[in-house]
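Below is my_file_22.cif, holding mmCIF, C-alpha atoms.
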data_my_file
loop_
_atom_site.label_atom_id
_atom_site.label_comp_id
_atom_site.auth_asym_id
_atom_site.auth_seq_id
_atom_site.Cartn_x
_atom_site.Cartn_y
_atom_site.Cartn_z
CA MET A 293 -38.30 -48.94 193.32
CA THR A 294 -37.14 -45.76 191.65
CA ALA A 295 -38.61 -45.05 188.22
CA THR A 296 -36.33 -45.53 185.25
CA GLU A 297 -36.46 -43.19 182.28
CA VAL A 298 -34.82 -43.68 178.90
CA ARG A 299 -33.69 -41.03 176.45
CA ALA A 300 -31.43 -40.81 173.44
CA ALA A 301 -27.85 -40.09 174.43
CA LEU A 302 -26.55 -36.65 173.50
CA PRO A 303 -23.04 -35.81 172.26
CA GLY A 304 -22.16 -34.57 175.76
CA ASP A 305 -23.08 -38.01 177.14
CA LEU A 306 -20.26 -39.84 175.37
CA ASP A 307 -18.13 -40.10 178.52
CA GLN A 308 -21.07 -41.57 180.46
CA VAL A 309 -21.75 -44.15 177.73
CA GLU A 310 -18.07 -45.09 177.63
CA GLY A 311 -17.90 -45.23 181.42
CA LEU A 312 -20.81 -47.68 181.62
CA TRP A 313 -19.17 -49.83 178.93
CA LEU A 314 -15.81 -49.78 180.77
CA GLU A 315 -17.48 -50.71 184.05
CA ALA A 316 -19.14 -53.68 182.34
CA SER A 317 -15.83 -54.66 180.72
CA ARG A 318 -14.08 -54.70 184.10
CA TRP A 319 -16.93 -56.71 185.63
CA LEU A 320 -16.72 -59.28 182.82
CA ALA A 321 -12.94 -59.56 183.28
CA GLY A 322 -13.45 -60.10 187.01
CA ARG A 323 -15.66 -63.05 186.18
CA GLY A 324 -12.97 -64.56 183.95
CA LEU A 325 -14.74 -63.71 180.69
CA ASP A 326 -12.87 -62.40 177.66
CA GLN A 327 -15.85 -60.44 176.32
CA TRP A 328 -15.21 -56.71 175.78
CA GLN A 329 -11.57 -57.07 176.81
CA TYR A 330 -10.31 -54.50 174.34
CA PRO A 331 -10.22 -50.71 174.41
CA PRO A 332 -13.67 -49.15 174.03
CA ARG A 333 -14.62 -48.27 170.49
CA ARG A 334 -15.33 -44.66 171.32
CA TRP A 335 -15.76 -43.78 167.64
CA ARG A 336 -18.54 -46.37 167.38
CA MET A 337 -20.26 -45.01 170.47
CA GLU A 338 -20.01 -41.50 169.06
CA GLU A 339 -21.51 -42.61 165.74
CA ALA A 340 -24.40 -44.31 167.57
CA ILE A 341 -25.06 -41.16 169.59
CA GLU A 342 -24.96 -38.96 166.50
CA ALA A 343 -27.38 -41.32 164.70
CA GLY A 344 -29.79 -41.26 167.64
CA ASP A 345 -29.35 -45.01 168.20
CA CYS A 346 -27.63 -44.93 171.61
CA TYR A 347 -29.80 -44.52 174.69
CA LEU A 348 -29.20 -43.93 178.36
CA ALA A 349 -31.38 -45.12 181.23
CA PHE A 350 -31.61 -42.81 184.23
CA ARG A 351 -32.67 -43.26 187.83
CA ASP A 352 -32.81 -40.25 190.11
CA GLY A 353 -31.06 -38.20 187.42
CA SER A 354 -28.06 -40.54 187.14
CA ALA A 355 -27.19 -42.65 184.11
CA VAL A 356 -27.37 -46.31 185.17
CA ALA A 357 -27.38 -48.13 181.82
CA THR A 358 -26.85 -47.77 178.11
CA ILE A 359 -28.19 -49.62 175.10
CA THR A 360 -27.78 -49.12 171.37
CA VAL A 361 -30.70 -50.07 169.14
CA HIS A 362 -30.76 -49.63 165.37
CA GLU A 363 -32.05 -51.01 162.08
CA ARG A 364 -28.70 -51.92 160.52
CA ALA A 365 -28.34 -55.69 160.35
CA ASP A 366 -24.79 -57.00 160.26
CA PRO A 367 -24.62 -58.94 156.97
CA GLU A 368 -22.25 -61.53 158.47
CA TRP A 369 -24.99 -62.53 160.92
CA TRP A 370 -28.41 -61.67 159.55
CA SER A 371 -28.44 -61.68 155.72
CA GLU A 372 -30.58 -64.84 155.53
CA ASP A 373 -33.09 -63.72 158.20
CA ASP A 374 -35.15 -60.94 156.57
CA PRO A 375 -32.91 -58.23 158.07
CA ALA A 376 -35.45 -55.43 157.63
CA SER A 377 -37.95 -57.19 159.91
CA ALA A 378 -36.03 -56.40 163.11
CA LEU A 379 -34.28 -53.89 165.31
CA TYR A 380 -30.82 -54.86 166.56
CA VAL A 381 -29.47 -54.43 170.10
CA HIS A 382 -25.81 -53.71 170.83
CA ASP A 383 -23.68 -52.67 173.78
CA LEU A 384 -26.18 -53.16 176.59
CA ALA A 385 -24.36 -52.25 179.80
CA VAL A 386 -25.82 -51.79 183.29
CA SER A 387 -23.99 -50.05 186.11
CA ARG A 388 -23.04 -52.32 188.99
CA ALA A 389 -24.95 -49.89 191.22
CA ALA A 390 -28.15 -50.95 189.43
CA ALA A 391 -27.22 -54.63 189.00
CA GLY A 392 -29.69 -57.24 190.17
CA GLN A 393 -32.69 -54.94 189.69
CA ALA A 394 -33.86 -56.35 186.32
CA LEU A 395 -32.79 -53.18 184.50
CA GLY A 396 -31.24 -55.13 181.62
CA ALA A 397 -34.49 -57.06 181.20
CA GLN A 398 -36.46 -53.80 181.28
CA LEU A 399 -34.23 -52.27 178.62
CA LEU A 400 -34.66 -55.31 176.41
CA ASP A 401 -38.44 -55.00 176.85
CA TRP A 402 -38.18 -51.29 176.05
CA ALA A 403 -36.18 -52.09 172.88
CA GLY A 404 -38.78 -54.69 171.92
CA THR A 405 -41.47 -52.03 172.22
CA LEU A 406 -39.38 -49.63 170.16
CA ALA A 407 -39.15 -52.34 167.49
CA TYR A 408 -42.92 -52.80 167.60
CA GLN A 409 -43.53 -49.05 167.33
CA ARG A 410 -41.29 -48.91 164.27
CA GLY A 411 -43.23 -51.68 162.57
CA LYS A 412 -40.63 -54.40 163.15
CA ARG A 413 -41.61 -57.95 164.01
CA ARG A 414 -38.48 -58.91 165.95
CA LEU A 415 -35.76 -57.73 168.28
CA ARG A 416 -32.38 -59.32 167.58
CA LEU A 417 -28.94 -59.38 169.11
CA GLU A 418 -25.72 -61.28 168.87
CA ALA A 419 -23.69 -62.36 171.85
CA TRP A 420 -20.15 -63.47 172.54
CA LYS A 421 -19.93 -67.14 171.55
CA THR A 422 -18.14 -68.20 174.76
CA ASN A 423 -20.30 -66.30 177.27
CA HIS A 424 -22.71 -69.11 178.15
CA LEU A 425 -24.06 -67.22 181.18
CA LEU A 426 -25.13 -64.43 178.85
CA HIS A 427 -26.74 -66.96 176.53
CA ARG A 428 -28.75 -68.30 179.48
CA TYR A 429 -29.72 -64.74 180.43
CA TYR A 430 -31.08 -64.03 176.95
CA LEU A 431 -32.97 -67.33 176.89
CA ASP A 432 -34.47 -66.41 180.28
CA GLN A 433 -35.57 -63.09 178.74
CA GLY A 434 -37.60 -64.92 176.10
CA PHE A 435 -35.07 -64.87 173.28
CA GLU A 436 -34.58 -67.86 171.02
CA LEU A 437 -31.07 -68.96 170.06
CA LEU A 438 -31.21 -69.12 166.26
CA ARG A 439 -27.68 -70.39 165.68
CA ILE A 440 -24.03 -69.87 166.47
CA VAL A 441 -21.94 -68.58 163.61
CA ASN A 442 -18.22 -69.30 163.84
CA LEU A 443 -16.20 -66.74 161.94
CA PRO A 444 -12.47 -66.71 162.68
CA HIS A 445 -12.31 -62.92 162.83
CA ARG A 446 -15.33 -62.46 165.17
CA ASN A 447 -15.82 -63.41 168.83
CA SER A 448 -19.55 -62.76 168.71
CA GLY A 449 -21.77 -65.07 166.78
CA ALA A 450 -24.47 -66.45 169.09
CA LEU A 451 -27.57 -65.08 167.37
CA PHE A 452 -30.77 -64.47 169.34
CA GLN A 453 -34.19 -63.03 168.54
CA ARG A 454 -37.63 -62.62 170.06
CA ALA A 455 -40.89 -61.04 168.98
CA ALA A 456 -41.35 -57.30 169.23
CA SER A 457 -43.85 -56.30 171.90
CA PRO A 458 -46.31 -53.41 172.30
CA GLU A 459 -45.73 -52.98 176.05
CA THR A 460 -42.89 -51.71 178.23
CA THR A 461 -42.55 -50.57 181.83
CA LEU A 462 -39.93 -47.89 181.13
CA ARG A 463 -40.87 -44.31 180.49
CA PRO A 464 -39.28 -42.52 177.56
CA VAL A 465 -38.29 -38.94 178.12
CA LYS A 466 -39.71 -36.70 175.41
CA SER A 467 -36.76 -34.31 175.25
CA PRO A 468 -33.33 -33.73 176.79
CA GLU A 469 -34.74 -30.56 178.33
CA ALA A 470 -37.21 -32.67 180.30
CA MET A 471 -34.29 -34.59 181.81
CA GLU A 472 -32.46 -31.38 182.68
CA SER A 473 -35.49 -30.01 184.48
CA ARG A 474 -35.46 -33.03 186.81
CA ARG A 475 -31.85 -32.66 187.90
#
Translate the structure described by the file into structure tokens.
Amino acid sequence: MTATEVRAALPGDLDQVEGLWLEASRWLAGRGLDQWQYPPRRWRMEEAIEAGDCYLAFRDGSAVATITVHERADPEWWSEDDPASALYVHDLAVSRAAAGQALGAQLLDWAGTLAYQRGKRRLRLEAWKTNHLLHRYYLDQGFELLRIVNLPHRNSGALFQRAASPETTLRPVKSPEAMESRR
């Protein structure tokens, strides 16, 4: 299998991040799921890139996945759960070209290691309340379903967490220049 490398997304990567999100949105719609069936929140992606929280996974020099990981706990979900003890995952999207190769699981492991390296005890995420296949996926990845929060103005609300971990199989890229030299 081709090695996967992860690096922080750069401002020039915004179209790639959005493209991966749109591809995932179309795939979800094709499966009859209402998750991510709204225009992409490009401003949010741009903010995550500028903050250094959005990452891209590459295989053979091509972006095949994106994940956003940060320390900001949404108070509507996490205020009672020691918010500072975790990193939070958002907008994990894997290209259909890389589907079925455990890349999502590898990125979750990578994020768990990032949490561990930053002194966090947990990796957390929230999922669409009605996407039961996604819930099963997260359970299969070792996450625990803490609870489902029903807020009338939010479609997410299935809250998951697992312990941070010191090991990952993905290789971080030290600098954007290192990625450029491989293209």
d(CA of Ala450 (chain A), CA of Ala349 (chain A)) in Å: 25.5 Å
Could you list the residues chosen by the PyMOL selection byres ((chain A and resi 434-442) around 7) in this structure as a short mmCIF file (atom, residue, chain, number, x, y, z; two decimals) with C-alpha atoms, keeping the file's coordinate frame?
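Heads up, here's the output in part.cif:
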data_model
loop_
_atom_site.label_atom_id
_atom_site.label_comp_id
_atom_site.auth_asym_id
_atom_site.auth_seq_id
_atom_site.Cartn_x
_atom_site.Cartn_y
_atom_site.Cartn_z
CA TYR A 430 -31.08 -64.03 176.95
CA LEU A 431 -32.97 -67.33 176.89
CA ASP A 432 -34.47 -66.41 180.28
CA GLN A 433 -35.57 -63.09 178.74
CA LEU A 443 -16.20 -66.74 161.94
CA PRO A 444 -12.47 -66.71 162.68
CA GLY A 449 -21.77 -65.07 166.78
CA ALA A 450 -24.47 -66.45 169.09
CA LEU A 451 -27.57 -65.08 167.37
CA PHE A 452 -30.77 -64.47 169.34
CA GLN A 453 -34.19 -63.03 168.54
CA ARG A 454 -37.63 -62.62 170.06
#
Atom-to-atom span, CA of Glu339 (chain A) and CA of Gln327 (chain A), Å: 21.5 Å
Between CA of Ser387 (chain A) and CA of Phe350 (chain A), distance in Å (one decimal):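 Calculated distance between CA of Ser387 (chain A) and CA of Phe350 (chain A) is 10.7 Å.
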Which residues of region 338-422 of chain A come within 9 Å of region 301-306 of chain A, and what is each one's closest atom pair and distance in Å (one decimal), counting all atoms listed in the file, sorted by chain and residue number, as CSV?
residue,atom,partner,partner_atom,distance
A:Glu338,CA,A:Leu306,CA,6.5
A:Ala340,CA,A:Ala301,CA,8.8
A:Ile341,CA,A:Ala301,CA,5.7
A:Glu342,CA,A:Pro303,CA,6.8
A:Gly344,CA,A:Ala301,CA,7.2
A:Asp345,CA,A:Ala301,CA,8.1
A:Cys346,CA,A:Ala301,CA,5.6
A:Tyr347,CA,A:Ala301,CA,4.8
A:Leu348,CA,A:Ala301,CA,5.7
A:Thr358,CA,A:Ala301,CA,8.6
Export, as a CSV table (one decimal), keeping the file's coordinate frame, the selected residues with C-alpha atoms.
chain,number,residue,atom,x,y,z
A,338,GLU,CA,-20.0,-41.5,169.1
A,340,ALA,CA,-24.4,-44.3,167.6
A,341,ILE,CA,-25.1,-41.2,169.6
A,342,GLU,CA,-25.0,-39.0,166.5
A,344,GLY,CA,-29.8,-41.3,167.6
A,345,ASP,CA,-29.4,-45.0,168.2
A,346,CYS,CA,-27.6,-44.9,171.6
A,347,TYR,CA,-29.8,-44.5,174.7
A,348,LEU,CA,-29.2,-43.9,178.4
A,358,THR,CA,-26.8,-47.8,178.1
Nearest to Ser377 (chain A), chosen from A:Trp420, A:Ala397, A:Ala455, A:Arg323, with only C-alpha atoms counted in the distances: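 Checking each of A:Trp420, A:Ala397, A:Ala455, A:Arg323 against Ser377 (chain A), counting only C-alpha atoms, the winner is A:Ala455.
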